[in-house]
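Shown next: coords_12.txt, containing compact mmCIF, C-alpha atoms.
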```
# COMPACT_ATOMS: atom_id res chain seq x y z
CA MET A 166 9.18 -34.33 -145.86
CA ASN A 167 7.37 -31.10 -146.73
CA ILE A 168 3.80 -31.88 -145.71
CA PHE A 169 2.42 -28.64 -147.15
CA LYS A 170 3.79 -29.49 -150.58
CA SER A 171 2.42 -33.05 -150.40
CA ILE A 172 -1.05 -31.87 -149.38
CA MET A 173 -0.99 -29.25 -152.11
CA ILE A 174 -0.14 -31.88 -154.74
CA LEU A 175 -2.85 -34.30 -153.58
CA ALA A 176 -5.46 -31.53 -153.43
CA ALA A 177 -4.45 -30.46 -156.93
CA ALA A 178 -4.80 -34.06 -158.15
CA PHE A 179 -8.34 -34.23 -156.70
CA LEU A 180 -9.33 -30.98 -158.41
CA VAL A 181 -7.64 -31.91 -161.68
CA VAL A 182 -9.55 -35.21 -161.92
CA PHE A 183 -12.84 -33.42 -161.32
CA ILE A 184 -12.07 -30.67 -163.83
CA GLU A 185 -11.10 -33.24 -166.47
CA ALA A 186 -14.49 -34.88 -166.03
CA ALA A 187 -16.51 -31.66 -165.75
CA VAL A 188 -14.96 -29.59 -168.54
CA SER A 189 -15.48 -31.14 -171.94
CA LEU A 190 -14.20 -28.26 -174.09
CA PRO A 191 -10.83 -29.90 -174.99
CA HIS A 192 -12.74 -33.02 -175.99
CA ARG A 193 -15.09 -31.01 -178.20
CA TRP A 194 -12.39 -28.87 -179.80
CA LEU A 195 -9.46 -31.28 -180.02
CA GLY A 196 -11.19 -34.66 -179.87
CA ALA A 197 -9.31 -35.68 -176.72
CA GLN A 198 -9.22 -34.82 -173.04
CA ILE A 199 -5.81 -33.74 -171.71
CA ASP A 200 -4.70 -35.62 -168.59
CA VAL A 201 -2.77 -33.52 -166.07
CA LEU A 202 -2.18 -36.32 -163.53
CA PRO A 203 1.09 -37.47 -165.22
CA VAL A 204 2.31 -33.86 -165.07
CA LEU A 205 1.58 -33.71 -161.34
CA MET A 206 3.45 -36.99 -160.99
CA VAL A 207 6.51 -35.45 -162.67
CA TYR A 208 6.40 -32.52 -160.25
CA ALA A 209 5.92 -34.82 -157.26
CA ALA A 210 8.74 -37.14 -158.34
CA LEU A 211 11.23 -34.28 -158.76
CA ASN A 212 10.26 -32.21 -155.73
CA THR A 213 8.92 -34.50 -153.01
CA ASP A 214 9.63 -37.86 -151.40
CA ILE A 215 8.60 -41.41 -152.28
CA VAL A 216 5.62 -41.31 -149.87
CA THR A 217 4.02 -38.44 -151.81
CA VAL A 218 4.77 -40.15 -155.14
CA SER A 219 3.11 -43.35 -153.88
CA LEU A 220 0.11 -41.51 -152.42
CA LEU A 221 -0.37 -39.58 -155.65
CA ALA A 222 -0.25 -42.79 -157.70
CA VAL A 223 -2.79 -44.56 -155.48
CA LEU A 224 -5.19 -41.70 -154.75
CA GLY A 225 -4.90 -40.00 -158.14
CA GLY A 226 -5.41 -43.33 -159.92
CA VAL A 227 -8.38 -44.31 -157.80
CA TRP A 228 -10.03 -40.88 -158.12
CA PHE A 229 -9.57 -40.95 -161.89
CA ASP A 230 -11.01 -44.46 -162.21
CA SER A 231 -13.97 -43.65 -159.96
CA LEU A 232 -15.21 -41.04 -162.47
CA SER A 233 -14.37 -43.16 -165.49
CA ALA A 234 -15.54 -46.45 -166.94
CA ASN A 235 -12.06 -47.83 -166.18
CA PRO A 236 -11.96 -50.75 -163.75
CA LEU A 237 -11.09 -49.34 -160.32
CA GLY A 238 -7.33 -49.30 -159.73
CA ILE A 239 -6.16 -49.66 -163.33
CA SER A 240 -4.56 -46.17 -163.37
CA ILE A 241 -2.44 -46.71 -160.24
CA LEU A 242 0.34 -48.73 -161.82
CA PRO A 243 0.85 -46.55 -164.95
CA LEU A 244 1.19 -43.45 -162.75
CA PHE A 245 3.60 -45.18 -160.39
CA ALA A 246 5.56 -46.69 -163.29
CA VAL A 247 6.25 -43.13 -164.46
CA GLY A 248 6.75 -41.55 -161.05
CA PHE A 249 9.04 -44.12 -159.43
CA PRO A 250 11.90 -44.06 -162.01
CA MET A 251 11.74 -40.27 -162.13
CA TRP A 252 11.96 -40.08 -158.36
CA TRP A 253 14.83 -42.61 -158.42
CA LEU A 254 16.78 -40.56 -160.97
CA ARG A 255 15.72 -37.15 -159.68
CA ASP A 256 19.30 -36.06 -158.96
CA LEU A 257 20.27 -36.71 -162.56
CA LEU A 258 17.26 -35.03 -164.17
CA LEU A 259 17.18 -31.34 -164.99
CA ARG A 260 14.25 -29.66 -163.37
CA GLU A 261 14.94 -25.94 -163.49
CA LEU A 262 14.85 -25.45 -167.26
CA SER A 263 11.43 -25.07 -168.88
CA PHE A 264 12.50 -27.15 -171.86
CA ALA A 265 13.58 -30.03 -169.61
CA GLN A 266 10.25 -29.84 -167.78
CA LEU A 267 8.47 -29.85 -171.15
CA VAL A 268 10.31 -33.00 -172.27
CA LEU A 269 9.67 -34.80 -168.97
CA GLY A 270 5.97 -33.82 -169.10
CA ALA A 271 5.68 -35.05 -172.68
CA GLY A 272 7.30 -38.38 -171.78
CA ALA A 273 5.05 -38.94 -168.78
CA SER A 274 1.88 -37.86 -170.62
CA ALA A 275 2.72 -40.18 -173.49
CA ALA A 276 3.59 -43.17 -171.30
CA VAL A 277 0.66 -43.16 -168.84
CA PRO A 278 -2.22 -43.62 -171.36
CA VAL A 279 -0.27 -46.25 -173.31
CA LEU A 280 0.41 -48.25 -170.14
CA ALA A 281 -3.22 -47.88 -169.03
CA VAL A 282 -4.54 -49.14 -172.37
CA LEU A 283 -2.05 -52.03 -172.33
CA LEU A 284 -3.23 -53.00 -168.85
CA LEU A 285 -6.87 -52.80 -170.00
CA LEU A 286 -6.16 -55.03 -172.99
CA THR A 287 -4.24 -57.46 -170.78
CA GLY A 288 -7.20 -57.59 -168.41
CA GLY A 289 -9.55 -58.56 -171.25
CA TYR A 290 -11.34 -55.21 -171.52
CA GLU A 291 -12.25 -53.63 -174.87
CA PRO A 292 -11.32 -49.95 -174.86
CA LEU A 293 -12.37 -47.84 -177.82
CA LEU A 294 -9.31 -47.81 -180.07
CA GLY A 295 -8.72 -46.87 -183.69
CA TRP A 296 -6.67 -44.58 -185.89
CA GLY A 297 -8.25 -41.67 -184.05
CA SER A 298 -6.57 -42.89 -180.86
CA LEU A 299 -3.23 -41.86 -182.38
CA TRP A 300 -4.48 -38.28 -182.68
CA GLN A 301 -5.79 -38.43 -179.09
CA TRP A 302 -2.39 -39.70 -177.92
CA ILE A 303 -0.61 -36.82 -179.70
CA VAL A 304 -3.00 -34.29 -178.16
CA MET A 305 -2.51 -35.79 -174.68
CA THR A 306 1.28 -35.77 -175.08
CA ALA A 307 1.43 -32.21 -176.41
CA GLY A 308 -1.10 -30.96 -173.85
CA GLY A 309 0.80 -32.60 -170.99
CA ALA A 310 4.10 -31.21 -172.28
CA LEU A 311 2.73 -27.66 -172.44
CA ALA A 312 1.10 -27.96 -169.04
CA THR A 313 4.29 -29.09 -167.26
CA PRO A 314 6.22 -25.77 -167.10
CA ILE A 315 2.97 -24.02 -166.11
CA ILE A 316 2.33 -26.50 -163.29
CA PHE A 317 5.95 -26.20 -162.11
CA SER A 318 5.78 -22.38 -161.99
CA LEU A 319 2.37 -22.45 -160.33
CA PHE A 320 3.45 -24.86 -157.61
CA ASP A 321 6.70 -23.01 -157.00
CA TRP A 322 4.77 -19.76 -156.65
CA PHE A 323 2.21 -21.36 -154.30
CA ASN A 324 4.95 -22.95 -152.25
CA HIS A 325 6.79 -19.66 -152.00
CA ALA A 326 3.65 -17.66 -151.17
CA LEU A 327 1.92 -20.04 -148.76
CA GLY A 328 4.55 -22.52 -147.57
CA TYR A 329 6.85 -22.24 -144.60
CA GLN A 330 9.97 -20.28 -145.45
CA PRO A 331 12.92 -20.85 -143.05
CA VAL A 332 14.26 -17.61 -141.56
CA LYS A 333 17.71 -16.83 -142.89
CA GLU A 334 20.41 -16.87 -140.22
CA SER A 335 21.79 -13.44 -139.45
CA SER A 336 25.52 -12.85 -139.73
CA PHE A 337 25.45 -11.01 -136.41
CA ARG A 338 27.11 -12.90 -133.53
CA PRO A 339 27.00 -11.35 -130.04
CA ASP A 340 30.26 -13.04 -128.94
CA ARG A 341 32.11 -11.38 -131.80
CA GLU A 342 30.78 -7.91 -131.13
CA ILE A 343 33.47 -5.26 -130.90
CA LEU A 344 32.77 -3.03 -127.96
CA ARG A 345 34.12 0.48 -128.14
CA ASP A 346 34.09 3.04 -125.38
CA LYS A 347 36.20 5.87 -124.16
CA LYS A 348 38.34 3.63 -121.87
CA SER A 349 39.40 1.33 -124.65
CA LYS A 350 40.70 4.23 -126.68
CA MET B 166 21.00 -49.32 -153.82
CA PHE B 167 17.41 -49.35 -152.63
CA ARG B 168 16.80 -48.42 -149.10
CA LYS B 169 14.07 -50.11 -147.07
CA LYS B 170 11.56 -47.24 -147.39
CA HIS B 171 11.56 -47.50 -151.16
CA TYR B 172 11.04 -51.24 -151.09
CA VAL B 173 8.06 -50.73 -148.79
CA ALA B 174 6.55 -47.97 -150.98
CA PHE B 175 7.01 -50.04 -154.14
CA GLY B 176 5.50 -53.12 -152.52
CA LEU B 177 2.57 -51.26 -150.98
CA VAL B 178 1.57 -49.48 -154.20
CA THR B 179 1.76 -52.70 -156.22
CA LEU B 180 -0.20 -54.56 -153.54
CA ALA B 181 -2.86 -51.83 -153.40
CA ALA B 182 -3.27 -51.92 -157.19
CA VAL B 183 -3.48 -55.71 -157.33
CA LEU B 184 -5.93 -55.86 -154.41
CA VAL B 185 -8.27 -53.22 -155.84
CA LEU B 186 -8.15 -54.75 -159.31
CA ASN B 187 -9.02 -58.19 -157.97
CA LEU B 188 -12.00 -57.13 -155.87
CA PRO B 189 -15.26 -58.94 -156.71
CA ALA B 190 -17.39 -56.92 -159.13
CA PRO B 191 -20.11 -55.86 -156.63
CA ALA B 192 -17.53 -54.78 -154.04
CA ALA B 193 -15.52 -52.87 -156.66
CA SER B 194 -18.69 -51.16 -157.88
CA ARG B 195 -19.66 -50.14 -154.33
CA LEU B 196 -16.14 -48.89 -153.64
CA LYS B 197 -16.14 -46.94 -156.90
CA THR B 198 -19.46 -45.32 -156.02
CA GLY B 199 -18.15 -44.50 -152.54
CA ILE B 200 -14.97 -42.90 -153.85
CA SER B 201 -16.81 -40.92 -156.51
CA ALA B 202 -19.10 -39.62 -153.74
CA MET B 203 -16.07 -37.65 -152.51
CA PHE B 204 -16.65 -35.36 -155.49
CA LEU B 205 -20.25 -34.56 -154.46
CA PRO B 206 -19.44 -31.10 -153.00
CA LEU B 207 -17.89 -30.15 -156.33
CA PHE B 208 -20.96 -31.24 -158.32
CA GLY B 209 -23.05 -28.37 -156.93
CA LEU B 210 -20.28 -25.93 -157.74
CA ALA B 211 -19.93 -27.25 -161.29
CA GLY B 212 -23.71 -27.14 -161.77
CA ASN B 213 -23.87 -23.51 -160.68
CA ILE B 214 -20.99 -22.57 -162.97
CA GLN B 215 -22.66 -24.31 -165.91
CA GLN B 216 -25.96 -22.53 -165.21
CA LEU B 217 -24.33 -19.12 -164.90
CA PRO B 218 -24.16 -18.29 -168.66
CA GLY B 219 -27.80 -19.36 -169.02
CA LYS B 220 -28.85 -17.10 -166.16
CA VAL B 221 -26.95 -14.17 -167.63
CA ILE B 222 -28.62 -14.73 -171.02
CA ASP B 223 -32.05 -14.97 -169.30
CA ASP B 224 -31.42 -11.65 -167.57
CA LEU B 225 -30.42 -9.98 -170.82
CA THR B 226 -33.34 -11.34 -172.90
CA PRO B 227 -36.00 -8.64 -173.59
CA ARG B 228 -39.38 -9.14 -171.89
CA GLY B 229 -41.31 -9.06 -175.20
CA GLN B 230 -39.26 -11.92 -176.57
CA LEU B 231 -39.88 -13.98 -173.43
CA VAL B 232 -43.66 -13.34 -173.62
CA ASN B 233 -43.68 -14.46 -177.27
CA GLU B 234 -41.74 -17.57 -176.34
CA ILE B 235 -44.20 -18.38 -173.54
CA ASP B 236 -47.13 -18.00 -175.99
CA THR B 237 -45.46 -20.33 -178.47
CA LEU B 238 -44.75 -22.89 -175.74
CA ARG B 239 -48.39 -22.69 -174.54
CA GLN B 240 -49.61 -23.44 -178.06
CA GLN B 241 -47.18 -26.35 -178.36
CA ASN B 242 -48.29 -27.63 -174.98
CA GLN B 243 -51.97 -27.58 -176.05
CA GLU B 244 -51.09 -29.39 -179.27
CA LEU B 245 -49.09 -32.02 -177.41
CA LEU B 246 -51.92 -32.56 -174.90
CA VAL B 247 -54.33 -33.27 -177.77
CA ARG B 248 -51.79 -35.64 -179.34
CA GLN B 249 -51.32 -37.41 -176.03
CA GLN B 250 -55.08 -37.95 -175.74
CA GLN B 251 -55.01 -39.43 -179.22
CA ALA B 252 -52.04 -41.63 -178.32
CA ASP B 253 -53.75 -42.79 -175.11
CA ALA B 254 -56.84 -43.77 -177.09
CA LEU B 255 -54.67 -45.66 -179.59
CA LEU B 256 -52.79 -47.40 -176.78
CA GLU B 257 -56.04 -48.47 -175.17
CA GLU B 258 -57.32 -49.79 -178.50
CA ASN B 259 -54.00 -51.57 -179.07
CA ASN B 260 -54.15 -53.16 -175.64
CA GLN B 261 -57.74 -54.37 -176.22
CA LEU B 262 -56.66 -55.99 -179.49
CA ARG B 263 -53.61 -57.52 -177.77
CA ASP B 264 -55.91 -58.91 -175.06
CA GLN B 265 -58.09 -60.52 -177.75
CA LEU B 266 -55.00 -62.12 -179.30
CA GLY B 267 -53.66 -63.16 -175.90
CA TRP B 268 -50.55 -60.98 -176.20
CA GLN B 269 -48.90 -59.11 -173.35
CA ARG B 270 -50.19 -55.53 -172.84
CA GLN B 271 -47.87 -52.69 -173.77
CA GLN B 272 -46.82 -50.54 -170.83
CA LYS B 273 -46.41 -46.78 -170.91
CA TRP B 274 -42.85 -45.62 -170.34
CA LYS B 275 -42.01 -44.06 -167.02
CA LEU B 276 -39.49 -41.35 -167.72
CA LYS B 277 -37.07 -39.52 -165.44
CA LEU B 278 -35.34 -36.34 -166.57
CA ALA B 279 -31.67 -36.15 -165.58
CA ASN B 280 -28.83 -33.69 -166.06
CA VAL B 281 -25.52 -34.79 -167.51
CA VAL B 282 -22.97 -33.76 -164.88
CA LEU B 283 -19.68 -35.37 -165.89
CA ARG B 284 -18.00 -36.87 -168.92
CA ASP B 285 -15.56 -39.78 -168.85
CA PRO B 286 -12.05 -38.32 -168.34
CA ALA B 287 -10.49 -41.30 -170.17
CA ASN B 288 -10.41 -40.99 -173.94
CA TRP B 289 -11.01 -44.69 -174.59
CA TRP B 290 -14.56 -44.85 -173.18
CA LYS B 291 -17.74 -43.04 -174.15
CA THR B 292 -19.64 -42.62 -170.91
CA VAL B 293 -21.29 -39.78 -168.99
CA GLN B 294 -22.57 -39.43 -165.44
CA ILE B 295 -26.12 -38.24 -164.74
CA ASP B 296 -27.63 -36.84 -161.55
CA ALA B 297 -30.25 -39.57 -161.07
CA GLY B 298 -29.71 -42.82 -159.22
CA THR B 299 -31.43 -45.72 -157.50
CA ARG B 300 -33.23 -43.18 -155.27
CA ASP B 301 -35.07 -42.01 -158.41
CA GLY B 302 -35.79 -45.53 -159.65
CA VAL B 303 -32.85 -45.73 -162.06
CA HIS B 304 -31.15 -49.11 -162.28
CA GLU B 305 -28.58 -50.86 -164.41
CA GLY B 306 -29.70 -51.41 -168.00
CA CYS B 307 -32.28 -48.58 -168.18
CA PRO B 308 -32.36 -47.09 -171.70
CA VAL B 309 -31.43 -43.41 -171.94
CA LEU B 310 -32.67 -41.10 -174.69
CA THR B 311 -33.27 -37.51 -175.72
CA SER B 312 -36.11 -36.10 -177.78
CA ALA B 313 -33.86 -36.61 -180.84
CA GLY B 314 -33.23 -40.31 -180.25
CA LEU B 315 -31.49 -43.06 -178.34
CA VAL B 316 -28.39 -42.11 -176.33
CA GLY B 317 -27.30 -45.28 -174.51
CA LYS B 318 -28.04 -47.25 -171.37
CA VAL B 319 -27.27 -47.05 -167.65
CA SER B 320 -24.17 -49.14 -166.95
CA SER B 321 -24.05 -48.64 -163.18
CA ALA B 322 -26.34 -46.87 -160.74
CA GLY B 323 -25.44 -45.26 -157.44
CA LEU B 324 -27.82 -43.70 -154.93
CA VAL B 325 -27.88 -40.23 -156.51
CA ARG B 326 -25.78 -40.63 -159.66
CA SER B 327 -25.51 -43.13 -162.49
CA GLN B 328 -23.11 -43.86 -165.27
CA VAL B 329 -24.50 -44.00 -168.81
CA VAL B 330 -22.62 -45.83 -171.52
CA LEU B 331 -23.22 -44.05 -174.83
CA LEU B 332 -23.88 -45.44 -178.31
CA GLY B 333 -20.56 -46.04 -180.03
CA ASP B 334 -18.88 -47.41 -176.90
CA PRO B 335 -17.77 -51.06 -177.13
CA ASN B 336 -19.93 -51.84 -174.06
CA CYS B 337 -23.14 -50.55 -175.65
CA ARG B 338 -24.45 -52.79 -178.40
CA VAL B 339 -27.99 -52.28 -179.65
CA SER B 340 -30.13 -54.44 -181.87
CA ALA B 341 -31.22 -52.01 -184.58
CA LEU B 342 -33.69 -52.19 -187.44
CA VAL B 343 -33.43 -50.35 -190.75
CA GLU B 344 -36.78 -49.03 -191.93
CA ASP B 345 -36.49 -50.38 -195.46
CA PRO B 346 -38.94 -52.76 -197.18
CA GLN B 347 -36.91 -55.78 -195.96
CA ARG B 348 -36.71 -54.42 -192.36
CA ASP B 349 -33.10 -55.56 -191.99
CA VAL B 350 -31.85 -56.08 -188.45
CA GLY B 351 -28.24 -55.57 -187.36
CA ILE B 352 -26.14 -54.78 -184.32
CA LEU B 353 -25.13 -51.18 -183.65
CA SER B 354 -21.60 -51.34 -182.29
CA ALA B 355 -18.50 -49.28 -181.55
CA SER B 356 -17.41 -46.53 -183.86
CA GLY B 357 -14.12 -44.64 -184.00
CA PRO B 358 -12.82 -42.83 -180.91
CA LEU B 359 -12.98 -39.33 -182.44
CA ASP B 360 -16.41 -38.92 -184.01
CA ASN B 361 -19.30 -38.97 -181.54
CA SER B 362 -21.94 -38.63 -184.23
CA LEU B 363 -21.27 -41.95 -186.01
CA ALA B 364 -21.74 -45.61 -185.14
CA GLU B 365 -21.40 -48.80 -187.14
CA LEU B 366 -24.27 -51.12 -187.93
CA THR B 367 -22.95 -54.64 -188.48
CA TYR B 368 -24.25 -58.17 -189.16
CA LEU B 369 -26.91 -56.95 -191.58
CA SER B 370 -28.10 -59.48 -194.11
CA GLY B 371 -25.82 -59.94 -197.13
CA THR B 372 -28.79 -59.15 -199.39
CA ALA B 373 -29.66 -55.93 -197.58
CA ASN B 374 -30.18 -53.07 -200.02
CA LEU B 375 -29.46 -50.03 -197.87
CA LYS B 376 -29.68 -46.48 -199.12
CA SER B 377 -28.39 -43.29 -197.63
CA GLY B 378 -30.99 -41.53 -195.47
CA GLN B 379 -32.94 -44.62 -194.40
CA LEU B 380 -34.06 -44.46 -190.78
CA VAL B 381 -32.58 -46.76 -188.15
CA VAL B 382 -34.57 -47.51 -185.00
CA SER B 383 -34.17 -49.91 -182.08
CA SER B 384 -35.59 -53.31 -182.95
CA GLY B 385 -36.81 -54.19 -179.45
CA MET B 386 -34.93 -57.48 -179.54
CA GLY B 387 -32.45 -58.23 -176.79
CA GLY B 388 -34.68 -57.12 -173.94
CA VAL B 389 -32.83 -53.91 -173.01
CA PHE B 390 -34.11 -51.28 -175.43
CA PRO B 391 -37.79 -50.94 -176.34
CA GLY B 392 -38.51 -51.09 -180.06
CA GLY B 393 -39.08 -48.08 -182.28
CA ILE B 394 -36.72 -45.57 -180.65
CA PRO B 395 -35.01 -43.50 -183.37
CA ILE B 396 -31.26 -44.11 -183.54
CA GLY B 397 -30.15 -42.34 -186.71
CA GLN B 398 -29.91 -42.52 -190.48
CA VAL B 399 -27.88 -44.74 -192.77
CA MET B 400 -24.93 -42.86 -194.30
CA ASP B 401 -23.36 -45.55 -196.45
CA ALA B 402 -23.15 -49.34 -196.59
CA TRP B 403 -20.75 -51.93 -197.99
CA PRO B 404 -20.54 -55.72 -198.17
CA VAL B 405 -18.16 -57.45 -195.75
CA ASP B 406 -16.48 -60.88 -195.87
CA PHE B 407 -17.19 -61.50 -199.58
CA GLY B 408 -20.82 -60.44 -199.23
CA LEU B 409 -21.57 -62.68 -196.26
CA TYR B 410 -23.08 -59.72 -194.46
CA THR B 411 -23.43 -55.97 -194.87
CA GLN B 412 -22.04 -53.20 -192.73
CA ALA B 413 -23.27 -49.60 -192.61
CA ARG B 414 -22.32 -46.31 -191.05
CA VAL B 415 -25.11 -44.63 -189.12
CA LYS B 416 -25.33 -40.90 -188.41
CA LEU B 417 -26.77 -40.76 -184.89
CA SER B 418 -29.86 -38.61 -184.27
CA ALA B 419 -28.87 -37.51 -180.77
CA ASN B 420 -25.93 -35.15 -180.45
CA LEU B 421 -23.77 -37.17 -178.03
CA GLY B 422 -21.04 -34.54 -177.94
CA ALA B 423 -23.26 -31.90 -176.37
CA LEU B 424 -25.61 -33.71 -174.02
CA ASN B 425 -27.08 -31.58 -171.24
CA GLN B 426 -30.29 -33.32 -170.27
CA VAL B 427 -31.46 -36.85 -170.97
CA TRP B 428 -34.52 -39.00 -170.26
CA VAL B 429 -34.07 -42.29 -168.46
CA VAL B 430 -36.72 -44.90 -169.30
CA LEU B 431 -37.53 -46.51 -165.95
CA GLN B 432 -39.79 -49.22 -167.47
```

Rewritten as structure tokens:
Amino acid sequence: MNIFKSIMILAAAFLVVFIEAAVSLPHRWLGAQIDVLPVLMVYAALNTDIVTVSLLAVLGGVWFDSLSANPLGISILPLFAVGFPMWWLRDLLLRELSFAQLVLGAGASAAVPVLAVLLLLTGGYEPLLGWGSLWQWIVMTAGGALATPIIFSLFDWFNHALGYQPVKESSFRPDREILRDKKSK
Amino acid sequence: MFRKKHYVAFGLVTLAAVLVLNLPAPAASRLKTGISAMFLPLFGLAGNIQQLPGKVIDDLTPRGQLVNEIDTLRQQNQELLVRQQQADALLEENNQLRDQLGWQRQQKWKLKLANVVLRDPANWWKTVQIDAGTRDGVHEGCPVLTSAGLVGKVSSAGLVRSQVVLLGDPNCRVSALVEDPQRDVGILSASGPLDNSLAELTYLSGTANLKSGQLVVSSGMGGVFPGGIPIGQVMDAWPVDFGLYTQARVKLSANLGALNQVWVVLQ
């Protein structure tokens, strides 16, 4: 388990939730706020272990709900429902290609709000829904899709720049050293 | 096949979600306030960043323009003081008449100015967070307004921050009165998720004859919002359910998409 990577992802989730609540420009310009938590979940599922995926679902969900009118805990299950299958199938999913990242990000960003709204409706809550919600869903999906390759590159760069890099083993072996001197000649 | 670790993770996350979702309302509210308090250090940072453009503009504004602005504000202040004296005299007269009739005296509003610090990150709610809480006398249900008109009400109050549910959210219904000769009363309810400037006025009388531009104010019924607060103007109206009642679209007076400061009525 790469603890640095896990901490980095959780810290990013904390910041992302705050920025989504503090910056209202996407909402003013596009009519919808773009959610980056599903994108972080895609990165976590493909690059870390199940503990980080679970922690991101629980903490990210709870942080998001604490700044929203959502009932506390409603966002945990949608995030985990996206992260767990991706983590399970991580060996089969492409992760290096930008287009593959884009598709995975779009899928996650589309699924999480739909699952959250379904849970809200199941729980008897009345979220604000209408034809405009379709536009908001498209914006969230497209925004999440575009953000995914950026997040992947950013995290890879951070990990490379700040994370522990194992020292490459040298090909030099003292027991195989060829000693030459005048006597041997 | 699953290994044990994955079973445990799956079970723990599901259990955590179910436990948190099934907490009693007061405990969930306290927990929510506690968790959102983790963001407190970032609030100061966000506030400073938001004030930065304003400070830069202040620094670049010529001195002459600022002096002119101060003069204008002084004049306005004098005018408002005179109007307040008039209003105080009228209130006193009103209260004396109410006493004679045996009606309850009208109280002056206690107002608290608050900054809007956060917006709901979920697209399916219309709420904002303000930097005033129970420490400032704010409590659940307090009406919130701007100089333009009604904004919403406090849905939950923490020690230093509160959540305000805005007009147009399904959880903010207001009894509203149209200032027409009939004085029709309806319920202002949720609008569409995209447009912050519109709300729907429903359950108006089937005989209501609404015209575009008529003023809509709070009716004072329901016990949450005082009467007479401007809400908006009627845009259009149409009969619903074979003329059983009338529904109207209302253009809200307050700009809910760009709220910076609001007044909380502490009552």

Near chain B, 6 Å: chain A residue rows, closest pairs, all atoms listed in the file, as a Markdown table:
```
| residue | atom | partner | partner_atom | distance |
| --- | --- | --- | --- | --- |
| A:Glu185 | CA | B:Pro286 | CA | 5.5 |
| A:Ala186 | CA | B:Pro286 | CA | 4.8 |
| A:Ala187 | CA | B:Leu283 | CA | 4.9 |
| A:Gly196 | CA | B:Leu359 | CA | 5.6 |
| A:Ser231 | CA | B:Lys197 | CA | 5.0 |
| A:Ser233 | CA | B:Asp285 | CA | 4.9 |
| A:Gly238 | CA | B:Ala182 | CA | 5.5 |
| A:Pro292 | CA | B:Trp289 | CA | 5.3 |
| A:Leu293 | CA | B:Trp289 | CA | 4.7 |
| A:Gly295 | CA | B:Gly357 | CA | 5.9 |
| A:Gly297 | CA | B:Leu359 | CA | 5.5 |
```

Just need the box for stretch 227-237 of chain A, edges along x, y and z, holding every atom the file lists for it with 8 Å tacked onto each side, so centre and edge lengths in Å to one decimal, as AutoDock Vina command-line options.
```
--center_x -12.0 --center_y -45.8 --center_z -162.4 --size_x 23.2 --size_y 25.9 --size_z 25.1
```

Query raised in the report: Could you pull the residues within 12 Å of A:Asn324, counting only C-alpha atoms, minus those fewer than 4 positions along the same chain, as a VMD selection string?
Result: chain A and resid 167 to 174 212 316 to 320 328 to 330

Report task. With a distance cut-off of 6 Å and only C-alpha atoms, select the neighbouring residues of B:Glu365, excluding the residue or stretch itself and same-chain residues fewer than 2 positions from it, and output the selection as a PyMOL selection string. Result -> chain B and resi 353-354+356+413-415

Report task. Please provide the set of residues having any atom within 7 Å of B:Arg326, restricted to all atoms listed in the file, with same-chain residues fewer than 5 positions apart removed, written as a list in words. Result ->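 Result of the neighbour search: Gln294, Ile295, Asp296, Ala297 and Gly298 of chain B.
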
Query raised in the report: If we count only C-alpha atoms, what is near stretch 301-317 of chain B at a cut-off of 7 Å, once residues fewer than 6 positions away on the same chain are taken out, given as an NGL selection string?
Result: :B and (329-332 or 337 or 389-390 or 394-396 or 418-419 or 421 or 427-431)

**Report entry** Between atom CA of B:Val343 and atom CA of B:Val382 - distance in Å to one decimal
**Finding:**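 These atoms are spaced 6.5 Å apart.
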
Requested in this report: Go ahead and find all residues with at least one atom no further than 8 Å from (-6.7, -45.2, -155.4) in the file's coordinates, using all atoms listed in the file; report them as a list in words.
Outcome: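 I get Ala222, Val223, Leu224, Gly225, Gly226, Val227, Trp228, Leu237, Gly238 and Ile241 of chain A; Ala181 and Ala182 of chain B for the residues within 8 Å of that point.
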
Report task. Could you please determine the separation between atom CA of B:Val350 and atom CA of B:Tyr368 in Å, to one decimal place? Result ->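 Distance between the two atoms: 7.9 Å.
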
**Report entry** Length of the atom CA of B:Gly229 to atom CA of B:Gln216 vector [Å]
**Finding:** 22.7 Å

Query raised in the report: Counting all atoms listed in the file, which residues come within 9 Å of (-27.8, -56.8, -189.8), with the point read in the file's coordinates, and could you list them as an MDAnalysis selection string?
Result: chainID B and resid 340:343 349:353 366:371 373 410:413

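Compared by their closest atoms to B:Gly408, and using all atoms listed in the file, the residues B:Asn280, B:Ala252, B:Leu231, B:Asn374 rank with B:Asn374 nearest.
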
Report summary line: Counting all atoms listed in the file, the residue among A:Ala265, A:Leu254, A:Ala234, A:Val279 that lies closest to A:Leu299 is A:Val279

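If you measure from each of B:Thr237, B:Asn259, B:Leu205, B:Lys273 to A:Leu232 using all atoms listed in the file, the closest one turns out to be B:Leu205.
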
Query - Minimum-distance residue to A:Asp256, chosen among A:Ala210, A:Leu311, A:Leu286, A:Ala177 (using only C-alpha atoms) - result: A:Ala210
